[in-house]
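Have a look at the structure below, then the notes.
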Amino acid sequence: MMSKPKTPALALWLFFFVFICLLLVLSNGGETTNANKLIKIGAIIDIHSRTGREEKTALDIAIQSFNSNDSNNHKLSLHIPDSGRNPLLAATVARKLIKEQEVEVIIGLETWEEAVVVSDIGSRAQVPVLSFVAPAITPPLATARWPFLVRMANEDSKQMKCIAAIIDDAFGSESGKLAILPEALQDVGSEVEFRLVLPPFSSVINPNVAVHEELKKLQKKQSRVFVVLHSSFSMTIHLFEEAKKSGLVQKDSAWIVTEAISSYLDSFNSSVISSMEGTSGIKTYYSEDTSLYKKFYTNFRTTFRNKYHEEDNSQPGINALRAYDSIGIITQVMEKLKSDGKSPKKLLKKILSSNFTGASGEVCFEEGQLSYDPILRIVNVIGKRYKELDFWLPGIGFSRDPRVKNETGYVSEISQDLGGRVNWPGDSKLAPKGWAMPTDEKPLIIGVPARTSFEKFVKVVDGFCLFFLVYENQWKTYDAAVGDITILADRADHVEFTQPYAESGLSMIVPAKSEDSAWIFVKPFTIEMWLVTAAILIYTMFIVWVLEHQSNPEFRGPWNNQIGTALWFAFSSLFFAHINNLTRMVVVVWLFVVLVLNSSYTASLTSMLTVKRLGPNVTDIKLLKRANLKIGCDGDSFVRTYLEKVLNFKSYNIENVSSEYKYEGEFKSHRIAAAFLELPYGKVFLSHYCKQFTTSTPTYQFGGLGFVFQKGSPIAKDFSRAILQFSENGFLLSLEKEWFSPSLECSADVTDSSTTDSLSIRSFWGLYLISGATSTLCFLILSMRLLKKYYRHRVDNIDESQSVWIKAIRVAKYFYLGDVVLVQREASVAPDLEPDINEWSSPSTLDSGYTNMDNLDGTSSPAETEIKMPLQTQN
């Protein structure tokens with residue numbers, strides 16, 4: 001009975017103990033769950049590739065580093081299925097990660113094709129997807145189409161522009177890259193000649209044979225600048241090994257690879273690297289000086305070597321750095337969401353708002369991708385390694401130091417050329433031509449037109465064009481199309497032209513007619529020349545009359561006699577002996593003018609009479625079209641199209657003439673009224689038919705005649721340089737004289753109407769000026785003498801009350817009649833009456849007592865003059 005009370009007490013204490021323990025367990029269990037809450041992350045990568053191994057190593061380091069920190073309130077759980085870079089497999093494993101593993105974020109994805117399909121799945125499930133790749137060109141509305149896609153990479157457009165800059169410096173879905181690259185190359189004057197797509201490595205039985213067959217297509221092309229945009233690790237190895245065996249990696253060639261290929265350089269063995277010798281590549285720049293990078297770099301090299309002993313190189317690439325930073329993005333986001341609560345949209349928003357400096361550089365996003373333009377490194381494979389040549393700054397150029405900047409950006413140490421010295425394939429230090437040059441084993445082919453309208457320009461074994469080419473081929477044989485090929489803008493879009501070796505244009509050939517005329521004797525002088533000559537003759541005649549009127553009886557009498565005498569004197573001055581000194585001066589100059597005019601007129605007229613002058617019978621294109629006349633041209637050239645499209649001739653009015661020898665018959669049969677030939681052909685035609693035809697209307701200019709090479713061929717530049725040298729040293733001119741000299745029939749007595757032009761006043765104005773100035777000077781001297789004498793004799797008889805008009809008339813009358821006026825005025829009964837100007841005359845009855853102008857100073861006294869004059873009037 002005493003034991004009964006103990007049993008309930010023990011049971012009570014036992015129950016109480018179990019209850020306390022249960023509370024402790026539950027409490028501790030809850031704290032453990034919160035403290036070790038797992039964040040599940042899915043990583044879709046190709047774990048068997050070098051890039052996948054680097055990414056997996058970087059992810060393991062980041063996860064281990066985070067989980068080992070006891071201060072963190074949650075842990076990370078990483079699930080890494082293998083996608084093998086297969087988009088379908090990537091989609092399958094993405095569904096499993098979301099449904100079965102319940103991951104909150106998916107990272108990785110090394111190709112854009114994988115990123116697209118996984119992003120579609122992630123967007124539907126509202127799971128953020130961090131991709132290590134971006135498209136070559138961001139598709140329109142990418143953010144709306146894949147709202148949960150975050151691209152930890154930049155577009156490939158910057159790489160394509162960098163490649164174009166390298167090509168320009170050296171010479172001057174991957175379908176997106178193929179769209180960008182041609183556009184970037186066009187900006188530097190280059191273009192893509194051929195696109196080669198290699199099959200997937202997994203789809204071929206014998207990769208070496210498959211690659212070799214594809215490379216045969218490249219061997220047939222002339223271009224030797226190869227740009228490798230994208231390839232798998234294994235296919236890249238086979239590509240360069242077979243390219244070297246095929247002779248495509250040698251002198252005069254250039255190989256440029258994008259980051260998709262250059263990222264393999266750290267993992268290729270020495271034999272693969274040697275097959276890529278001289279290759280230039282692009283790698284994204286990241287700073288190696290930060291403490292975060294140095295810490296990661298040490299851990300990465302140790303971990304990578306321990307896991308993958310077969311790898312020769314343990315250097316991390318840009319994808320490894322981005323994989324490491326992706327874990328940093330997630331952990332920072334989780335810390336921010338502790339107090340805000342977690343949801344898919346909040347998680348995505350926090351990821352997109354990330355802004356920090358990671359091992360790969362700046363990490364911040366704009367419109368779903370990295371917001372900053374990447375700085376690219378230019379690397380060059382040399383020996384068994386590669387070296388860094390330069391940096392390329394988007395929109396700026398090359399630089400030796402990417403860190404040189406100020407407030408406005410990168411400003412110093414900028415260049416448009418590569419700073420480092422490039423080792424090109426074949427260990428060449430000079431920039432390659434990038435073109436397949438001819439060899440004895442593989443000579444290049446020259447195309448020659450089989451038929452041409454003018455055989456002097458080109459035959460299969462002869463001709464002006466081929467003679468020039470044979471001369472040039474003393475050094476080398478060139479692959480070209482030679483002949484009478486006109487340089488045109490639309491043709492230049494498809495081929496490479498040399499400098500023109502002959503001018504080119506369109507001229508109109510028409511039948512010639514003689515320009516003989518009954519009025520040819522007036523053609524030696526122009527109309528202006530005749531008018532000015534007549535004017536200077538009349539002026540000289542007037543001056544001579546003024547000088548001789550008072551002193552020479554031959555120049556007195558009725559007006560018609562005086563004019564006739566002065567005019568005759570101008571033509572026969574040598575027959576007049578009694579003239580004063582001033583007149584002699586005028587006459588000497590006038591005789592010199594007459595002598596020059598006479599000689600020039602005789603020479604010009606002789607030339608016009610002895611040289612047969614030909615002129616066109618049709619001078620205007622408009623006349624041809626108005627009269628609906630037919631014209632001829634070479635139907636196999638571009639000229640017919642030019643006549644129709646530019647000059648607007650009707651198609652039915654254009655006749656095709658196949659040979660130069662048929663034009664004459666076409667004209668004689670009146671089938672055509674004019675022929676339109678290119679300028680060189682027109683010269684050849686007129687050199688044979690210069691007496692029958694001539695050219696009319698201005699020439700329509702073209703680019704000239706040149707030789708043709710394939711687009712981008714550097715040989716065209718060498719050939720152009722040779723053409724310029726031949727032009728400068730006169731060799732080209734001597735060729736033209738040899739091949740295009742006129743026929744024997746076209747002698748010097750046949751010319752066009754522009755050969756002997758009429759003489760114009762421009763050739764004689766100086767002579768006329770001297771003659772006119774001399775005559776004027778003599779007239780002024782005579783006027784001063786007469787005025788002096790007049791005022792000396794009239795000073796006592798001047799009536800100040802007389803008007804200026806009366807005084808002027810008296811002076812003029814004295815100039816005309818001389819001393820007679822003085823005598824008559826002094827003998828007048830009414831001296832104040834106004835003079836009658838109608839009484840001006842030089843009567844012959846006064847001639848015997850008239851004072852000679854040679855004695856203007858006066859040898860007879862006024863009294864003597866007064867006595868003589870009345871005696872004469874009394875008779």
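Identifiers in this document derive from the order of the structure tokens: chains are assigned A, B, ..., residues are numbered from 1 separately in each chain, and ligands are numbered from 1 in order of occurrence.
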Run DSSP on the backbone of this structure and report the residues of segment 150-259 of chain A it assigns to alpha helix (DSSP H), as an MDAnalysis selection string.
chainID A and resid 157:170 175:186 207:219 233:245 259
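Proximity to Phe497 of chain A was assessed for A:Ile672, A:Ile261, A:Val93, A:Ala716 counting only C-alpha atoms; the smallest distance is recorded for A:Ala716.
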So which one's closest to Phe525 of chain A, A:Asn380, A:Ser353, A:Ser360, A:Ser763? Using only C-alpha atoms, please.
A:Ser763
